[in-house]
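Shown next: model-v7.txt, containing compact mmCIF, N, CA and C atoms.
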```
# COMPACT_ATOMS: atom_id res chain seq x y z
N MET A 1398 41.35 -9.80 -34.04
CA MET A 1398 40.20 -9.13 -34.62
C MET A 1398 39.01 -9.12 -33.68
N GLY A 1399 38.83 -10.18 -32.93
CA GLY A 1399 37.70 -10.27 -32.03
C GLY A 1399 37.75 -9.20 -30.97
N LYS A 1400 38.96 -8.86 -30.50
CA LYS A 1400 39.10 -7.85 -29.46
C LYS A 1400 38.68 -6.48 -29.96
N LYS A 1401 39.03 -6.17 -31.22
CA LYS A 1401 38.68 -4.86 -31.77
C LYS A 1401 37.17 -4.71 -31.88
N ARG A 1402 36.49 -5.78 -32.29
CA ARG A 1402 35.04 -5.70 -32.42
C ARG A 1402 34.39 -5.49 -31.06
N LYS A 1403 34.87 -6.19 -30.04
CA LYS A 1403 34.30 -6.03 -28.71
C LYS A 1403 34.54 -4.62 -28.19
N GLN A 1404 35.72 -4.08 -28.45
CA GLN A 1404 36.02 -2.73 -28.01
C GLN A 1404 35.14 -1.71 -28.73
N GLN A 1405 34.90 -1.93 -30.04
CA GLN A 1405 34.06 -1.02 -30.79
C GLN A 1405 32.61 -1.10 -30.29
N GLN A 1406 32.13 -2.30 -30.00
CA GLN A 1406 30.77 -2.46 -29.51
C GLN A 1406 30.62 -1.79 -28.15
N ARG A 1407 31.63 -1.92 -27.29
CA ARG A 1407 31.57 -1.27 -25.98
C ARG A 1407 31.58 0.24 -26.13
N ALA A 1408 32.40 0.75 -27.05
CA ALA A 1408 32.47 2.19 -27.26
C ALA A 1408 31.13 2.71 -27.80
N ASP A 1409 30.53 1.97 -28.74
CA ASP A 1409 29.23 2.37 -29.28
C ASP A 1409 28.16 2.35 -28.19
N HIS A 1410 28.21 1.32 -27.37
CA HIS A 1410 27.23 1.20 -26.29
C HIS A 1410 27.41 2.34 -25.29
N ASN A 1411 28.62 2.68 -24.97
CA ASN A 1411 28.87 3.76 -24.01
C ASN A 1411 28.40 5.11 -24.54
N THR A 1412 28.59 5.37 -25.82
CA THR A 1412 28.16 6.65 -26.37
C THR A 1412 26.63 6.75 -26.42
N THR A 1413 25.96 5.64 -26.72
CA THR A 1413 24.50 5.69 -26.76
C THR A 1413 23.91 5.86 -25.37
N THR A 1414 24.51 5.23 -24.37
CA THR A 1414 23.97 5.38 -23.01
C THR A 1414 24.24 6.78 -22.48
N SER A 1415 25.39 7.36 -22.82
CA SER A 1415 25.67 8.71 -22.34
C SER A 1415 24.74 9.73 -23.02
N LEU A 1416 24.42 9.50 -24.29
CA LEU A 1416 23.49 10.39 -24.98
C LEU A 1416 22.08 10.27 -24.40
N SER A 1417 21.68 9.03 -24.09
CA SER A 1417 20.33 8.86 -23.57
C SER A 1417 20.20 9.47 -22.18
N LYS A 1418 21.25 9.47 -21.39
CA LYS A 1418 21.20 10.09 -20.07
C LYS A 1418 21.08 11.61 -20.18
N GLN A 1419 21.73 12.18 -21.16
CA GLN A 1419 21.69 13.63 -21.34
C GLN A 1419 20.35 14.08 -21.91
N ASP A 1420 19.79 13.31 -22.81
CA ASP A 1420 18.56 13.70 -23.50
C ASP A 1420 17.32 13.03 -22.91
N THR A 1421 17.38 12.59 -21.69
CA THR A 1421 16.26 11.91 -21.07
C THR A 1421 15.11 12.90 -20.86
N VAL A 1422 13.95 12.50 -21.32
CA VAL A 1422 12.75 13.30 -21.14
C VAL A 1422 11.81 12.50 -20.25
N THR A 1423 11.47 13.06 -19.13
CA THR A 1423 10.59 12.36 -18.20
C THR A 1423 9.13 12.59 -18.58
N LEU A 1424 8.29 11.79 -17.98
CA LEU A 1424 6.87 11.92 -18.24
C LEU A 1424 6.35 13.26 -17.73
N ALA A 1425 6.90 13.71 -16.60
CA ALA A 1425 6.49 15.00 -16.05
C ALA A 1425 6.85 16.14 -17.02
N ASP A 1426 7.97 15.99 -17.73
CA ASP A 1426 8.36 17.00 -18.71
C ASP A 1426 7.40 16.99 -19.91
N GLN A 1427 6.96 15.81 -20.28
CA GLN A 1427 6.08 15.70 -21.44
C GLN A 1427 4.67 16.21 -21.14
N LEU A 1428 4.21 15.95 -19.93
CA LEU A 1428 2.88 16.41 -19.56
C LEU A 1428 2.92 17.89 -19.22
N GLY A 1429 1.83 18.55 -19.42
CA GLY A 1429 1.76 19.95 -19.04
C GLY A 1429 1.62 20.06 -17.53
N GLY A 1430 1.91 21.21 -17.00
CA GLY A 1430 1.82 21.44 -15.56
C GLY A 1430 0.40 21.27 -15.04
N ASP A 1431 -0.57 21.65 -15.86
CA ASP A 1431 -1.97 21.53 -15.45
C ASP A 1431 -2.38 20.06 -15.32
N VAL A 1432 -1.97 19.25 -16.28
CA VAL A 1432 -2.31 17.83 -16.26
C VAL A 1432 -1.63 17.15 -15.08
N LEU A 1433 -0.39 17.49 -14.83
CA LEU A 1433 0.34 16.92 -13.71
C LEU A 1433 -0.30 17.29 -12.38
N ALA A 1434 -0.75 18.53 -12.25
CA ALA A 1434 -1.43 18.96 -11.02
C ALA A 1434 -2.74 18.20 -10.83
N LYS A 1435 -3.48 17.97 -11.92
CA LYS A 1435 -4.73 17.22 -11.82
C LYS A 1435 -4.47 15.78 -11.39
N LEU A 1436 -3.40 15.18 -11.92
CA LEU A 1436 -3.06 13.81 -11.54
C LEU A 1436 -2.68 13.73 -10.06
N LYS A 1437 -1.93 14.69 -9.58
CA LYS A 1437 -1.54 14.71 -8.17
C LYS A 1437 -2.76 14.89 -7.27
N ALA A 1438 -3.69 15.75 -7.69
CA ALA A 1438 -4.91 15.97 -6.91
C ALA A 1438 -5.75 14.69 -6.88
N ALA A 1439 -5.83 14.01 -8.02
CA ALA A 1439 -6.59 12.76 -8.08
C ALA A 1439 -5.96 11.70 -7.18
N LYS A 1440 -4.65 11.67 -7.14
CA LYS A 1440 -3.95 10.70 -6.28
C LYS A 1440 -4.24 10.99 -4.82
N GLN A 1441 -4.23 12.26 -4.44
CA GLN A 1441 -4.52 12.62 -3.05
C GLN A 1441 -5.95 12.26 -2.68
N ASP A 1442 -6.88 12.51 -3.58
CA ASP A 1442 -8.28 12.15 -3.33
C ASP A 1442 -8.44 10.65 -3.15
N LEU A 1443 -7.77 9.90 -3.99
CA LEU A 1443 -7.86 8.45 -3.91
C LEU A 1443 -7.28 7.92 -2.61
N THR A 1444 -6.15 8.44 -2.19
CA THR A 1444 -5.57 7.99 -0.92
C THR A 1444 -6.44 8.39 0.26
N ALA A 1445 -7.07 9.55 0.19
CA ALA A 1445 -7.96 9.97 1.27
C ALA A 1445 -9.18 9.05 1.34
N LYS A 1446 -9.73 8.68 0.19
CA LYS A 1446 -10.88 7.78 0.16
C LYS A 1446 -10.50 6.40 0.71
N GLU A 1447 -9.32 5.91 0.34
CA GLU A 1447 -8.86 4.62 0.83
C GLU A 1447 -8.68 4.65 2.34
N ARG A 1448 -8.11 5.73 2.85
CA ARG A 1448 -7.90 5.87 4.28
C ARG A 1448 -9.24 5.89 5.03
N ALA A 1449 -10.20 6.63 4.47
CA ALA A 1449 -11.53 6.70 5.10
C ALA A 1449 -12.22 5.34 5.08
N ALA A 1450 -12.08 4.62 3.99
CA ALA A 1450 -12.70 3.29 3.89
C ALA A 1450 -12.06 2.33 4.90
N GLU A 1451 -10.76 2.43 5.09
CA GLU A 1451 -10.08 1.57 6.06
C GLU A 1451 -10.52 1.90 7.49
N GLU A 1452 -10.65 3.18 7.79
CA GLU A 1452 -11.12 3.58 9.12
C GLU A 1452 -12.54 3.10 9.36
N GLU A 1453 -13.38 3.19 8.35
CA GLU A 1453 -14.76 2.72 8.47
C GLU A 1453 -14.80 1.22 8.70
N ARG A 1454 -13.97 0.50 8.00
CA ARG A 1454 -13.91 -0.96 8.15
C ARG A 1454 -13.47 -1.33 9.57
N GLN A 1455 -12.46 -0.62 10.09
CA GLN A 1455 -11.99 -0.89 11.44
C GLN A 1455 -13.08 -0.60 12.48
N ALA A 1456 -13.80 0.50 12.30
CA ALA A 1456 -14.89 0.84 13.21
C ALA A 1456 -16.00 -0.20 13.17
N LYS A 1457 -16.30 -0.69 11.98
CA LYS A 1457 -17.34 -1.71 11.83
C LYS A 1457 -16.92 -3.00 12.52
N LEU A 1458 -15.66 -3.39 12.38
CA LEU A 1458 -15.17 -4.60 13.05
C LEU A 1458 -15.24 -4.46 14.57
N ALA A 1459 -14.87 -3.29 15.08
CA ALA A 1459 -14.92 -3.05 16.52
C ALA A 1459 -16.37 -3.12 17.02
N PHE A 1460 -17.29 -2.53 16.28
CA PHE A 1460 -18.70 -2.56 16.67
C PHE A 1460 -19.23 -3.99 16.68
N GLU A 1461 -18.89 -4.77 15.66
CA GLU A 1461 -19.34 -6.15 15.59
C GLU A 1461 -18.76 -6.97 16.74
N ARG A 1462 -17.50 -6.71 17.09
CA ARG A 1462 -16.87 -7.40 18.20
C ARG A 1462 -17.61 -7.11 19.52
N LYS A 1463 -17.96 -5.84 19.72
CA LYS A 1463 -18.70 -5.45 20.92
C LYS A 1463 -20.08 -6.10 20.95
N GLN A 1464 -20.74 -6.15 19.80
CA GLN A 1464 -22.07 -6.75 19.74
C GLN A 1464 -22.01 -8.25 20.05
N ARG A 1465 -20.97 -8.94 19.54
CA ARG A 1465 -20.82 -10.36 19.83
C ARG A 1465 -20.61 -10.58 21.33
N GLU A 1466 -19.77 -9.74 21.95
CA GLU A 1466 -19.51 -9.84 23.38
C GLU A 1466 -20.79 -9.58 24.17
N LYS A 1467 -21.56 -8.63 23.72
CA LYS A 1467 -22.79 -8.24 24.41
C LYS A 1467 -23.85 -9.34 24.33
N ASN A 1468 -23.88 -10.05 23.23
CA ASN A 1468 -24.94 -11.03 22.99
C ASN A 1468 -24.52 -12.47 23.33
N LYS A 1469 -23.46 -12.64 24.09
CA LYS A 1469 -23.04 -13.99 24.46
C LYS A 1469 -24.05 -14.59 25.44
N SER A 1470 -24.24 -15.88 25.30
CA SER A 1470 -25.14 -16.58 26.21
C SER A 1470 -24.44 -16.83 27.54
N PHE A 1471 -25.22 -17.24 28.53
CA PHE A 1471 -24.64 -17.53 29.83
C PHE A 1471 -23.62 -18.66 29.73
N GLU A 1472 -23.92 -19.65 28.92
CA GLU A 1472 -23.00 -20.78 28.74
C GLU A 1472 -21.65 -20.32 28.17
N GLU A 1473 -21.71 -19.45 27.17
CA GLU A 1473 -20.46 -18.93 26.56
C GLU A 1473 -19.66 -18.11 27.57
N LEU A 1474 -20.35 -17.29 28.36
CA LEU A 1474 -19.67 -16.49 29.38
C LEU A 1474 -19.04 -17.38 30.45
N LEU A 1475 -19.78 -18.39 30.89
CA LEU A 1475 -19.25 -19.30 31.90
C LEU A 1475 -18.04 -20.05 31.37
N HIS A 1476 -18.13 -20.48 30.12
CA HIS A 1476 -17.01 -21.19 29.52
C HIS A 1476 -15.79 -20.28 29.37
N GLU A 1477 -16.02 -19.04 29.01
CA GLU A 1477 -14.91 -18.10 28.79
C GLU A 1477 -14.27 -17.66 30.10
N TYR A 1478 -15.09 -17.30 31.09
CA TYR A 1478 -14.55 -16.76 32.33
C TYR A 1478 -14.45 -17.80 33.44
N GLY A 1479 -15.23 -18.84 33.39
CA GLY A 1479 -15.16 -19.90 34.37
C GLY A 1479 -15.63 -19.47 35.74
N ASP A 1480 -15.34 -20.33 36.70
CA ASP A 1480 -15.71 -20.02 38.09
C ASP A 1480 -14.46 -19.52 38.78
N LYS A 1481 -14.23 -18.22 38.74
CA LYS A 1481 -13.03 -17.64 39.32
C LYS A 1481 -13.23 -17.29 40.78
N GLY A 1482 -14.41 -17.36 41.26
CA GLY A 1482 -14.67 -17.12 42.66
C GLY A 1482 -14.81 -15.65 43.04
N SER A 1483 -14.80 -14.77 42.07
CA SER A 1483 -14.96 -13.36 42.41
C SER A 1483 -16.45 -13.07 42.55
N LYS A 1484 -16.78 -12.11 43.40
CA LYS A 1484 -18.19 -11.81 43.61
C LYS A 1484 -18.76 -10.92 42.52
N TYR A 1485 -17.93 -10.50 41.56
CA TYR A 1485 -18.44 -9.66 40.47
C TYR A 1485 -18.53 -10.50 39.26
```
Rewritten as structure tokens:
Amino acid sequence: MGKKRKQQQRADHNTTTSLSKQDTVTLADQLGGDVLAKLKAAKQDLTAKERAAEEERQAKLAFERKQREKNKSFEELLHEYGDKGSKY
């Protein structure tokens, strides 16, 4: 008897999964084309803003690095480069 119940449960499970695969409704299907287009446009705007913010952050870091190098004291420069014996 146990085998028949397991077989029936498997058969029921298989029919429900096959029905759900056939009748699957995606979110894109539920949303109208206009709403979906607006969402895609908003996503593109957001990624563009994030990219611009990252580029700005990188530029700021580079500028700060140059300013630190420019404002080093003689002691820091001597410690960093040492006495290499070059005339420059």
Practice item. In Å, rounded to a single decimal, give me how far CA of Leu1443 (chain A) is from CA of Ala1459 (chain A). Key: 24.5 Å
Practice item. Work out how far atom C of Ala1439 (chain A) is from atom C of Lys1457 (chain A), in Å to one decimal. Key: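 Atom C of Ala1439 (chain A) lies at a distance of 26.9 Å from atom C of Lys1457 (chain A).
The spacing separating CA of Leu1474 (chain A) from atom N of Gln1455 (chain A) amounts to 26.0 Å.
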